[in-house]
Structure formats: structure tokens, C-alpha cells
file work_16.csv (CSV, C-alpha atoms)
chain,number,residue,atom,x,y,z
S,1,MET,CA,-15.5,9.2,-21.1
S,2,PRO,CA,-18.5,7.0,-20.5
S,3,SER,CA,-18.5,3.7,-22.2
S,4,GLY,CA,-22.0,4.2,-23.4
S,5,ASN,CA,-20.9,7.0,-25.7
S,6,LEU,CA,-18.3,4.8,-27.2
S,7,SER,CA,-20.6,1.9,-27.9
S,8,ALA,CA,-23.2,4.1,-29.4
S,9,MET,CA,-20.6,5.8,-31.5
S,10,SER,CA,-19.4,2.5,-32.8
S,11,ALA,CA,-22.8,1.2,-33.7
S,12,ALA,CA,-24.4,4.2,-35.1
S,13,SER,CA,-22.0,6.4,-37.0
S,14,LYS,CA,-19.1,4.1,-37.7
S,15,PRO,CA,-16.5,6.5,-36.3
S,16,SER,CA,-13.1,6.9,-37.7
S,17,ALA,CA,-10.3,4.8,-36.2
S,18,SER,CA,-8.7,7.9,-34.8
S,19,LYS,CA,-11.8,9.0,-33.0
S,20,THR,CA,-12.3,5.5,-31.6
S,21,TYR,CA,-8.7,5.5,-30.3
S,22,ALA,CA,-9.2,9.0,-28.9
S,23,ALA,CA,-12.3,7.9,-27.1
S,24,LEU,CA,-10.6,4.7,-25.8
S,25,THR,CA,-7.7,6.8,-24.5
S,26,ARG,CA,-10.0,9.1,-22.7
S,27,GLN,CA,-12.0,6.2,-21.3
S,28,GLN,CA,-8.9,4.5,-20.1
S,29,TRP,CA,-7.7,7.6,-18.4
S,30,ALA,CA,-11.0,8.1,-16.8
S,31,ASP,CA,-10.8,4.5,-15.4
S,32,TYR,CA,-7.4,5.2,-14.1
S,33,VAL,CA,-8.4,8.4,-12.4
S,34,SER,CA,-11.5,6.9,-10.8
S,35,THR,CA,-10.1,3.5,-9.8
S,36,TYR,CA,-6.4,3.9,-9.2
S,37,VAL,CA,-5.7,7.5,-8.3
S,38,PRO,CA,-7.5,7.2,-4.9
S,39,LEU,CA,-5.3,4.3,-4.0
S,40,GLU,CA,-2.2,6.2,-5.0
S,41,ASN,CA,-3.3,9.1,-2.9
S,42,LYS,CA,-3.9,6.8,0.0
S,43,MET,CA,-0.3,5.5,-0.3
S,44,ILE,CA,1.1,8.9,-0.7
S,45,GLU,CA,-0.8,10.0,2.4
S,46,PHE,CA,0.6,7.1,4.4
S,47,ALA,CA,4.1,7.5,3.1
S,48,THR,CA,4.3,11.2,3.9
S,49,ASP,CA,2.4,11.2,7.2
S,50,ARG,CA,5.1,12.0,9.8
S,51,THR,CA,2.8,10.9,12.6
S,52,GLN,CA,2.6,7.3,11.3
S,53,PRO,CA,5.7,6.0,13.2
S,54,ALA,CA,4.4,7.6,16.4
S,55,LYS,CA,1.0,6.0,15.9
S,56,ALA,CA,2.6,2.6,15.4
S,57,MET,CA,4.8,3.1,18.4
S,58,ALA,CA,1.8,4.0,20.6
S,59,ALA,CA,-0.1,0.9,19.3
S,60,ALA,CA,2.9,-1.3,20.1
S,61,SER,CA,3.2,0.2,23.6
S,62,GLU,CA,-0.5,-0.5,24.2
S,63,ASN,CA,-0.1,-4.1,23.0
S,64,VAL,CA,2.7,-4.6,25.5
S,65,SER,CA,0.8,-3.0,28.3
S,66,ASP,CA,-2.2,-5.2,27.5
S,67,ALA,CA,-0.1,-8.3,27.4
S,68,PHE,CA,1.5,-7.5,30.8
S,69,ALA,CA,-1.9,-6.6,32.4
S,70,MET,CA,-3.4,-9.9,31.2
S,71,GLN,CA,-0.3,-11.8,32.3
S,72,GLU,CA,-0.4,-10.5,35.8
S,73,GLY,CA,-3.9,-11.9,36.4
S,74,ASP,CA,-3.0,-15.1,34.5
S,75,PHE,CA,0.0,-15.7,36.7
S,76,GLN,CA,-2.0,-15.2,39.9
S,77,ARG,CA,-4.6,-17.7,38.7
S,78,ARG,CA,-1.9,-20.1,37.7
S,79,LEU,CA,-0.4,-20.0,41.2
S,80,GLN,CA,-3.8,-20.6,42.7
S,81,GLY,CA,-4.3,-23.5,40.5
S,82,LEU,CA,-1.0,-25.0,41.7
S,83,GLY,CA,-2.3,-24.4,45.3
S,84,THR,CA,0.2,-21.7,46.2
S,85,THR,CA,0.5,-17.9,46.5
S,86,LEU,CA,3.3,-15.4,46.6
S,87,THR,CA,4.6,-14.2,49.9
S,88,ALA,CA,5.1,-10.4,50.4
S,89,ASP,CA,8.8,-10.6,49.6
S,90,GLU,CA,8.2,-12.8,46.5
S,91,GLN,CA,5.4,-10.4,45.4
S,92,ALA,CA,7.8,-7.5,45.7
S,93,ALA,CA,10.4,-9.3,43.7
S,94,GLN,CA,7.9,-10.3,41.1
S,95,THR,CA,6.6,-6.7,40.9
S,96,ARG,CA,10.2,-5.3,40.4
S,97,ALA,CA,10.9,-7.9,37.8
S,98,ALA,CA,7.6,-7.2,36.0
S,99,GLY,CA,8.4,-3.4,35.9
S,100,LEU,CA,11.8,-4.0,34.4
S,101,SER,CA,10.6,-6.6,32.0
S,102,LYS,CA,7.7,-4.4,30.9
S,103,SER,CA,9.8,-1.4,30.4
S,104,LEU,CA,12.3,-3.3,28.3
S,105,ALA,CA,9.6,-4.9,26.2
S,106,ASP,CA,7.8,-1.6,25.8
S,107,VAL,CA,10.9,0.2,24.5
S,108,GLN,CA,11.8,-2.7,22.2
S,109,ALA,CA,8.3,-3.0,20.8
S,110,GLN,CA,8.1,0.7,20.2
S,111,ASN,CA,11.5,0.8,18.5
S,112,ILE,CA,10.6,-2.1,16.2
S,113,ALA,CA,7.2,-0.6,15.3
S,114,GLY,CA,8.8,2.9,14.7
S,115,SER,CA,11.6,1.6,12.5
S,116,GLN,CA,9.3,-0.8,10.5
S,117,THR,CA,6.9,2.0,9.8
S,118,ARG,CA,9.6,4.3,8.7
S,119,GLU,CA,11.0,1.6,6.5
S,120,LEU,CA,7.6,1.0,5.0
S,121,GLN,CA,7.2,4.8,4.4
S,122,TYR,CA,10.6,5.0,2.7
S,123,GLY,CA,9.9,1.9,0.7
S,124,LEU,CA,6.6,3.4,-0.6
S,125,MET,CA,8.5,6.4,-1.7
S,126,GLY,CA,11.0,4.2,-3.5
S,127,ALA,CA,14.0,4.9,-1.2
S,128,ALA,CA,15.9,2.7,1.2
S,129,SER,CA,15.6,3.8,4.8
S,130,PRO,CA,18.7,5.3,6.2
S,131,ASN,CA,20.3,2.8,8.6
S,132,VAL,CA,21.2,5.1,11.3
S,133,ALA,CA,22.1,2.4,13.8
S,134,ALA,CA,24.5,0.7,11.5
S,135,LYS,CA,26.2,4.0,10.6
S,136,ALA,CA,26.5,4.9,14.3
S,137,ALA,CA,28.1,1.5,14.9
S,138,GLN,CA,30.5,2.0,12.1
S,139,ALA,CA,31.4,5.4,13.4
S,140,GLY,CA,32.0,4.0,16.8
S,141,ALA,CA,34.1,1.1,15.6
U,1,MET,CA,-6.6,11.0,-40.4
U,2,ASP,CA,-10.0,12.0,-39.5
U,3,GLY,CA,-11.4,14.9,-41.5
U,4,GLY,CA,-8.1,15.3,-43.2
U,5,SER,CA,-6.7,14.5,-46.6
U,6,VAL,CA,-5.5,11.0,-45.8
U,7,LYS,CA,-8.2,8.3,-45.6
U,8,GLU,CA,-8.0,5.6,-43.0
U,9,THR,CA,-7.4,2.1,-44.4
U,10,PRO,CA,-9.9,-0.7,-43.6
U,11,ALA,CA,-7.1,-2.3,-41.5
U,12,GLN,CA,-6.8,0.8,-39.3
U,13,ARG,CA,-10.6,0.8,-38.8
U,14,ALA,CA,-10.6,-2.9,-38.0
U,15,LEU,CA,-7.8,-2.4,-35.5
U,16,ALA,CA,-9.7,0.4,-33.8
U,17,GLU,CA,-12.8,-1.7,-33.6
U,18,HIS,CA,-10.7,-4.5,-32.1
U,19,ALA,CA,-9.3,-2.1,-29.5
U,20,ASN,CA,-12.8,-1.0,-28.8
U,21,SER,CA,-13.9,-4.6,-28.2
U,22,LEU,CA,-10.9,-5.2,-25.9
U,23,MET,CA,-11.8,-2.3,-23.8
U,24,ALA,CA,-15.5,-3.4,-23.6
U,25,ASP,CA,-14.3,-6.8,-22.5
U,26,TYR,CA,-12.0,-5.4,-19.9
U,27,ARG,CA,-14.7,-3.2,-18.5
U,28,GLN,CA,-17.2,-6.0,-18.4
U,29,ARG,CA,-15.0,-8.8,-17.0
U,30,LEU,CA,-11.8,-7.6,-15.5
U,31,LEU,CA,-12.6,-4.2,-14.1
U,32,PRO,CA,-15.2,-5.5,-11.6
U,33,VAL,CA,-12.7,-8.1,-10.4
U,34,GLN,CA,-10.0,-5.4,-9.9
U,35,GLN,CA,-12.5,-3.3,-8.0
U,36,ARG,CA,-13.4,-6.2,-5.7
U,37,MET,CA,-9.7,-6.8,-5.1
U,38,ILE,CA,-9.3,-3.1,-4.2
U,39,GLU,CA,-12.2,-3.3,-1.8
U,40,ALA,CA,-10.9,-6.4,-0.1
U,41,THR,CA,-7.4,-4.9,0.3
U,42,LYS,CA,-8.8,-1.7,1.7
U,43,THR,CA,-11.0,-3.6,4.1
U,44,MET,CA,-8.0,-5.6,5.3
U,45,GLY,CA,-6.1,-2.5,6.2
U,46,LEU,CA,-8.8,-1.0,8.4
U,47,GLU,CA,-8.1,-0.6,12.1
U,48,GLY,CA,-9.6,-3.6,13.9
U,49,SER,CA,-10.3,-5.5,10.6
U,50,SER,CA,-10.9,-9.2,10.7
U,51,THR,CA,-7.5,-9.8,9.1
U,52,ARG,CA,-5.8,-7.8,11.9
U,53,GLU,CA,-7.8,-9.6,14.5
U,54,ALA,CA,-7.0,-13.0,13.0
U,55,ALA,CA,-3.3,-12.1,12.7
U,56,THR,CA,-3.0,-10.9,16.3
U,57,GLY,CA,-5.0,-13.8,17.6
U,58,ARG,CA,-2.8,-16.2,15.8
U,59,ALA,CA,0.3,-14.5,17.2
U,60,ALA,CA,-1.0,-14.6,20.7
U,61,ALA,CA,-2.0,-18.3,20.3
U,62,ASP,CA,1.5,-19.1,19.0
U,63,VAL,CA,3.1,-17.5,22.1
U,64,GLU,CA,0.7,-19.3,24.4
U,65,GLY,CA,1.5,-22.6,22.8
U,66,ARG,CA,5.2,-22.2,22.9
U,67,PHE,CA,5.3,-20.9,26.5
U,68,GLY,CA,2.9,-23.6,27.6
U,69,GLN,CA,5.4,-26.2,26.5
U,70,ALA,CA,8.2,-24.2,28.2
U,71,GLU,CA,6.3,-24.1,31.5
U,72,GLN,CA,5.9,-27.9,31.5
U,73,LYS,CA,9.6,-28.3,30.9
U,74,LEU,CA,10.3,-25.8,33.7
U,75,GLN,CA,8.1,-27.7,36.1
U,76,SER,CA,9.8,-30.9,35.2
U,77,GLY,CA,13.2,-29.3,35.6
U,78,LEU,CA,12.2,-27.9,39.0
U,79,ALA,CA,10.9,-31.3,40.2
U,80,SER,CA,13.9,-33.2,39.1
U,81,GLY,CA,16.1,-30.6,40.8
U,82,GLY,CA,14.3,-31.1,44.0
U,83,ALA,CA,12.4,-27.8,44.0
U,84,GLY,CA,8.7,-27.9,43.8
U,85,VAL,CA,6.5,-25.3,42.1
U,86,GLY,CA,5.4,-24.2,45.5
U,87,SER,CA,8.9,-23.3,46.6
U,88,SER,CA,10.2,-19.7,46.3
U,89,LYS,CA,12.5,-20.7,43.6
U,90,GLY,CA,9.7,-22.5,41.7
U,91,LYS,CA,7.3,-19.6,42.1
U,92,LEU,CA,9.8,-17.0,40.9
U,93,ALA,CA,10.9,-19.2,38.0
U,94,LEU,CA,7.2,-19.4,36.9
U,95,GLY,CA,6.9,-15.7,37.5
U,96,GLY,CA,9.9,-15.0,35.3
U,97,LEU,CA,8.5,-17.3,32.6
U,98,SER,CA,5.2,-15.5,32.8
U,99,LEU,CA,6.9,-12.1,32.3
U,100,ASP,CA,8.8,-13.4,29.3
U,101,LYS,CA,5.6,-14.7,27.9
U,102,ALA,CA,3.9,-11.3,28.3
U,103,ALA,CA,6.9,-9.6,26.6
U,104,ALA,CA,6.8,-12.1,23.8
U,105,LYS,CA,3.1,-11.7,23.4
U,106,GLY,CA,3.2,-7.9,23.3
U,107,GLN,CA,5.9,-7.8,20.7
U,108,SER,CA,4.5,-10.7,18.7
U,109,VAL,CA,1.1,-9.0,18.5
U,110,SER,CA,2.6,-5.7,17.5
U,111,ILE,CA,4.8,-7.3,14.8
U,112,SER,CA,1.8,-9.2,13.4
U,113,ASP,CA,-0.2,-6.0,13.3
U,114,GLN,CA,2.6,-4.3,11.5
U,115,ALA,CA,2.8,-7.2,9.1
U,116,VAL,CA,-0.8,-6.7,8.2
U,117,THR,CA,-0.1,-3.0,7.5
U,118,ASN,CA,2.9,-4.0,5.4
U,119,ALA,CA,0.7,-6.5,3.5
U,120,TYR,CA,-2.0,-3.9,3.1
U,121,MET,CA,0.5,-1.4,1.6
U,122,GLN,CA,1.9,-4.1,-0.6
U,123,GLY,CA,-1.5,-4.9,-1.8
U,124,LEU,CA,-2.2,-1.2,-2.6
U,125,SER,CA,1.1,-1.0,-4.3
U,126,ASN,CA,0.4,-4.1,-6.5
U,127,ILE,CA,-3.0,-2.7,-7.5
U,128,ALA,CA,-1.5,0.7,-8.2
U,129,ALA,CA,1.0,-1.0,-10.5
U,130,LEU,CA,-1.9,-2.3,-12.5
U,131,GLY,CA,-3.1,1.3,-12.7
U,132,ARG,CA,0.3,2.5,-13.8
U,133,GLY,CA,0.2,-0.1,-16.6
U,134,GLU,CA,-3.1,1.3,-17.7
U,135,ARG,CA,-1.8,4.8,-17.5
U,136,ALA,CA,1.2,3.9,-19.5
U,137,GLN,CA,-1.0,2.3,-22.1
U,138,VAL,CA,-3.0,5.4,-22.3
U,139,ASN,CA,0.0,7.3,-23.3
U,140,THR,CA,2.1,4.9,-25.2
U,141,GLY,CA,-0.2,2.3,-26.7
U,142,LEU,CA,-3.3,3.9,-27.9
U,143,ALA,CA,-2.1,7.4,-28.1
U,144,ALA,CA,0.8,6.3,-30.3
U,145,GLN,CA,-1.7,5.0,-32.8
U,146,ALA,CA,-4.2,7.7,-32.6
U,147,ASP,CA,-4.1,11.0,-34.4
U,148,MET,CA,-4.1,14.4,-32.9
U,149,SER,CA,-7.4,14.1,-31.2
U,150,ALA,CA,-6.0,11.2,-29.2
U,151,GLN,CA,-2.8,13.1,-28.5
U,152,GLN,CA,-5.0,15.9,-27.1
U,153,ALA,CA,-6.5,13.3,-24.7
U,154,ALA,CA,-3.0,12.3,-23.7
U,155,GLN,CA,-2.1,15.9,-23.1
U,156,ASP,CA,-5.1,16.4,-21.0
U,157,ALA,CA,-4.2,13.3,-19.1
U,158,SER,CA,-0.6,14.3,-18.4
U,159,LEU,CA,-1.6,17.9,-17.5
U,160,SER,CA,-4.2,16.5,-15.1
U,161,LEU,CA,-1.6,14.1,-13.6
U,162,SER,CA,0.9,16.9,-13.3
U,163,SER,CA,-1.5,19.1,-11.4
U,164,ARG,CA,-2.7,16.2,-9.2
U,165,MET,CA,0.6,14.6,-8.3
U,166,GLY,CA,3.1,17.5,-8.6
U,167,ASN,CA,5.7,14.9,-9.2
U,168,ALA,CA,8.1,15.4,-12.0
U,169,GLN,CA,8.9,11.7,-12.4
U,170,LEU,CA,5.4,10.5,-12.5
U,171,ALA,CA,4.4,13.2,-14.8
U,172,GLY,CA,7.3,12.3,-17.1
U,173,GLN,CA,6.1,8.7,-17.2
U,174,ALA,CA,2.6,9.6,-17.8
U,175,VAL,CA,3.3,12.0,-20.6
U,176,GLY,CA,5.1,9.2,-22.5
U,177,LEU,CA,5.0,8.8,-26.2
U,178,GLY,CA,1.8,10.7,-26.7
U,179,PHE,CA,3.3,13.9,-25.5
U,180,SER,CA,6.6,13.4,-27.2
U,181,LYS,CA,4.8,13.0,-30.5
U,182,ALA,CA,3.2,16.4,-29.8
U,183,MET,CA,6.6,18.0,-29.3
U,184,THR,CA,8.2,19.9,-32.1
U,185,PRO,CA,11.9,19.3,-32.8
U,186,SER,CA,12.6,22.6,-31.1
U,187,GLY,CA,11.0,21.2,-28.0
U,188,GLU,CA,8.0,23.4,-28.0
U,189,ALA,CA,4.6,21.8,-27.4
U,190,LYS,CA,2.2,21.9,-30.3
U,191,PRO,CA,-1.1,23.5,-29.7
U,192,PRO,CA,-4.1,21.2,-29.2
U,193,ALA,CA,-5.3,19.4,-32.3
U,194,GLY,CA,-7.5,21.5,-34.5
U,195,ILE,CA,-8.9,21.0,-37.9
U,196,ASN,CA,-6.8,19.6,-40.7
U,197,GLY,CA,-5.3,16.9,-38.5
U,198,GLY,CA,-3.9,19.4,-36.1
U,199,SER,CA,-1.8,21.3,-38.7
U,200,TYR,CA,-4.1,24.3,-38.8
U,201,LEU,CA,-3.0,27.2,-36.6
U,202,PRO,CA,-4.9,30.4,-36.2
U,203,ASN,CA,-2.9,33.3,-37.4
U,204,SER,CA,-2.7,34.8,-34.0
U,205,LEU,CA,-0.7,31.7,-32.9
U,206,ARG,CA,1.6,32.0,-35.9
U,207,GLY,CA,2.3,35.6,-35.2
U,208,GLN,CA,0.4,36.8,-38.1
U,209,ALA,CA,-2.6,39.1,-38.3
U,210,ASN,CA,-6.0,37.5,-38.9
U,211,TYR,CA,-7.2,38.7,-42.2
call {"tool": "encode", "arguments": {"input": "work_16.csv", "output": "C-alpha cells"}}
result
Amino acid sequence: MPSGNLSAMSAASKPSASKTYAALTRQQWADYVSTYVPLENKMIEFATDRTQPAKAMAAASENVSDAFAMQEGDFQRRLQGLGTTLTADEQAAQTRAAGLSKSLADVQAQNIAGSQTRELQYGLMGAASPNVAAKAAQAGA
Amino acid sequence: MDGGSVKETPAQRALAEHANSLMADYRQRLLPVQQRMIEATKTMGLEGSSTREAATGRAAADVEGRFGQAEQKLQSGLASGGAGVGSSKGKLALGGLSLDKAAAKGQSVSISDQAVTNAYMQGLSNIAALGRGERAQVNTGLAAQADMSAQQAAQDASLSLSSRMGNAQLAGQAVGLGFSKAMTPSGEAKPPAGINGGSYLPNSLRGQANY
């Protein structure tokens, strides 16, 4: 209910209290629908979107890849600054270590991002996220 | 009751006018602030937003700072142990530190990005809580004081909510007192307010012939 109607009604025709309350109720509902319902819908959309954890995991993986890509060049420049370079054997060892380290970081970052996103989704729906890892550990103990 | 046999008292009219003034004040002063807060929160949550950039930049800088100190300590340790940074041991140690830094940075940036998402959702949740308060007020505060025409508004509201949300719990909250007042003791909903303060029923609804 537009506010203009309400003001006009108050000034001109001295409406009854009941009509004023009714108009206020409608106006408040209209405010709620226009202002807050879109936000609630956005939250519902996020909470029920099954692709959100995968999106967060992909973003985390990309972050790790970017960090390792930057670090590789950074490390080479650092060595040059110190006046040294890697021999072929050292380079091979560094490459192996980098591969292992990146894989581990990638998996860990994805796991964290996935579980945090799922927890957030459950939290928005008002439920605690099922702690599968703890239950598995209990079962194995 | 409007149009009915019971006249409203001056106090009832004064209360209604006061409620009207409160609403006008809310719409003029507070609603714009809430809308700005909503916009700011929504902007924060966007992909690549300045908040996200700042958070990830801060995370990366923190990692750089911490590992910078670690590298200095490593070089000191290598030198005191008799191995220079140019030795194989020194280079591989620096290489290992560099890899640890990359892993830390990747995870730190991811976690900070996730933290912004969490804050964004928390912000939406806080704002939505304000809305739920308003919605509850629609159904319990004003509707409780209004007559049948206000109850009709509450019924419209709750029906609209039910169809939009399809959620029994939310619908239950929204219906609130306004709807419960409209319920008969037998649990059947009264028809919408009509003339005579809602007590009038067409004969067709009372199971009688119209004549």
C-alpha cells in the first residue's frame, strides 16, 4: 500500500482507527515483500544450491595453483638475487617437491572450502552440519 | 469497529494516528538506512568485490610478512651451521620454504575469500532478521489491534507468504496472531471481513438459500 494513500487518508477524511491500522499493516507487509523477501530468496538460493561447495572448491584450487605459479618465478628470482641457480639435480628435486606440496595444498584447500561452504549452507537452513569425519573416527575407534 | 455498531473511542483513534506517525517516521528516516545497508552488504558479496580483494590482499601480505621473517631466520641458521645459501642444502631449504609459503598463501587466500562469503551471508541474515521482525509486527502487533479489515490484510500476507516460501514453519510464524484471531473455535478459518465488522455472511456461505 503506497504511503501517499495513507497520508492523504489521514489528512482528508479522518479515517477510523481500524482502517488506519489495516492500511499500516498492508504497508508494512509491502515493505517487507519489496525489501526483505529478495534477500531471503538470495539466502535460500545459496543454501539450497548443490553446486556451491564445488564452486568454492574450484576457487580454492585456483587460488592454490596461482600461489604456486607465482612462487615458482619468485623463487627463481630470489636465487638469482642471491647470485646462485639450481643445478639440474636440484631443479628436479625442487620440481618433485613442488608437485607433492602443491597436490597436498590443493586437496587441503579444496576440503576446507567444501566443508566450510556446506557448513554455511546448513547454518543458513538452521541445521548443524553432519560431522562425517568425527563419526567415521568414532566408528573406527 | 468501522461501520459497525461500536464506535471507536478517541483513545483508539489517537493510537492509530500515533502508529501512522511512527510508520511515516520509519519510512522517512530508517528505511533508507536499511536499504543502504542492504546495498552495501550485497556489494560486499559480489565476486571480485573490493572487500574480497582487500581480504585476499591482506591474507597474501600476512603470509609474505611471516615467511619473509622465516627466510631471514633460515639464512641465519644456514650461515651459523656452515652452509651458505649457495650450497645445495641452502638452496633446497630455501626452495622448501618457498613451497611452504605458496601452500600457505593459497590456503590463506581461499580461507579469507570464504570468510567474506560467510560475512556476506551473516549480513544478509542480520538484515533478514530485521525483516522478520517487521513481518511479525504485521501479524502480531498491528493486526492484533485492528479489526477485521486488518485481519484480512494479515490473511493476505500469510497466504502470499505461504505461496512464496512453501515453508510450513515460516508460514506459521507469519500467520501469527492475526490469523489465530480469524480462526473459529472449531479451527475453521472465517471468511474475509465483510460488512458489519465481518459478522455478515452471505446465505450461500451459511448453507441457506438467498431470499
call {"tool": "residues_around", "arguments": {"input": "work_16.csv", "residues": "U:Ser49", "least_positions_apart": "5", "cutoff": "12 Å", "atoms": "only C-alpha atoms", "output": "list of chain:residue names"}}
result
U:Ala40, U:Thr41, U:Lys42, U:Thr43, U:Met44, U:Ala54, U:Ala55, U:Thr56, U:Asp113, U:Val116, U:Thr117, U:Tyr120
call {"tool": "atom_distance", "arguments": {"input": "work_16.csv", "atom1": "atom CA of U:Ala128", "atom2": "atom CA of S:Thr35"}}
result
9.2 Å
call {"tool": "residues_around", "arguments": {"input": "work_16.csv", "residues": "S:Ala17", "least_positions_apart": "5", "cutoff": "7 Å", "atoms": "all atoms listed in the file", "output": "PyMOL selection string"}}
result
chain U and resi 12-13+16
call {"tool": "atom_distance", "arguments": {"input": "work_16.csv", "atom1": "atom CA of S:Thr48", "atom2": "atom CA of S:Ala105"}}
result
28.0 Å
call {"tool": "closest_atom_pairs", "arguments": {"input": "work_16.csv", "of": "chain S", "to": "chain U", "cutoff": "6 Å", "atoms": "all atoms listed in the file", "output": "Markdown table"}}
result
| residue | atom | partner | partner_atom | distance |
| --- | --- | --- | --- | --- |
| S:Ala17 | CA | U:Arg13 | CA | 4.8 |
| S:Ser18 | CA | U:Ala146 | CA | 5.0 |
| S:Tyr21 | CA | U:Ala146 | CA | 5.5 |
| S:Ala22 | CA | U:Ala150 | CA | 3.9 |
| S:Thr25 | CA | U:Val138 | CA | 5.4 |
| S:Arg26 | CA | U:Ala153 | CA | 5.8 |
| S:Tyr32 | CA | U:Gly131 | CA | 6.0 |
| S:Tyr36 | CA | U:Gly131 | CA | 5.5 |
| S:Ala60 | CA | U:Ser110 | CA | 5.1 |
| S:Asn63 | CA | U:Gly106 | CA | 5.0 |
| S:Val64 | CA | U:Gly106 | CA | 4.0 |
| S:Ala67 | CA | U:Ala102 | CA | 5.1 |
| S:Phe68 | CA | U:Ala102 | CA | 5.1 |
| S:Gln71 | CA | U:Ala102 | CA | 5.8 |
| S:Thr84 | CA | U:Gly86 | CA | 5.8 |
| S:Ala105 | CA | U:Ala103 | CA | 5.4 |
| S:Ala109 | CA | U:Gln107 | CA | 5.4 |
call {"tool": "atom_distance", "arguments": {"input": "work_16.csv", "atom1": "atom CA of U:Gly90", "atom2": "atom CA of S:Gly83"}}
result
12.7 Å
call {"tool": "closest_residue", "arguments": {"input": "work_16.csv", "among": "S:Leu79, S:Met43, S:Ala54, S:Leu24", "to": "S:Ile112", "atoms": "all atoms listed in the file"}}
result
S:Ala54
call {"tool": "residues_around", "arguments": {"input": "work_16.csv", "residues": "S:Ala47", "least_positions_apart": "4", "cutoff": "12 Å", "atoms": "all atoms listed in the file", "output": "list in words"}}
result
Glu40, Asn41, Lys42, Met43, Thr51, Gln52, Pro53, Thr117, Arg118, Glu119, Leu120, Gln121, Tyr122, Gly123, Leu124, Met125, Gly126 and Ala127 of chain S; Asn118, Met121 and Ser125 of chain U
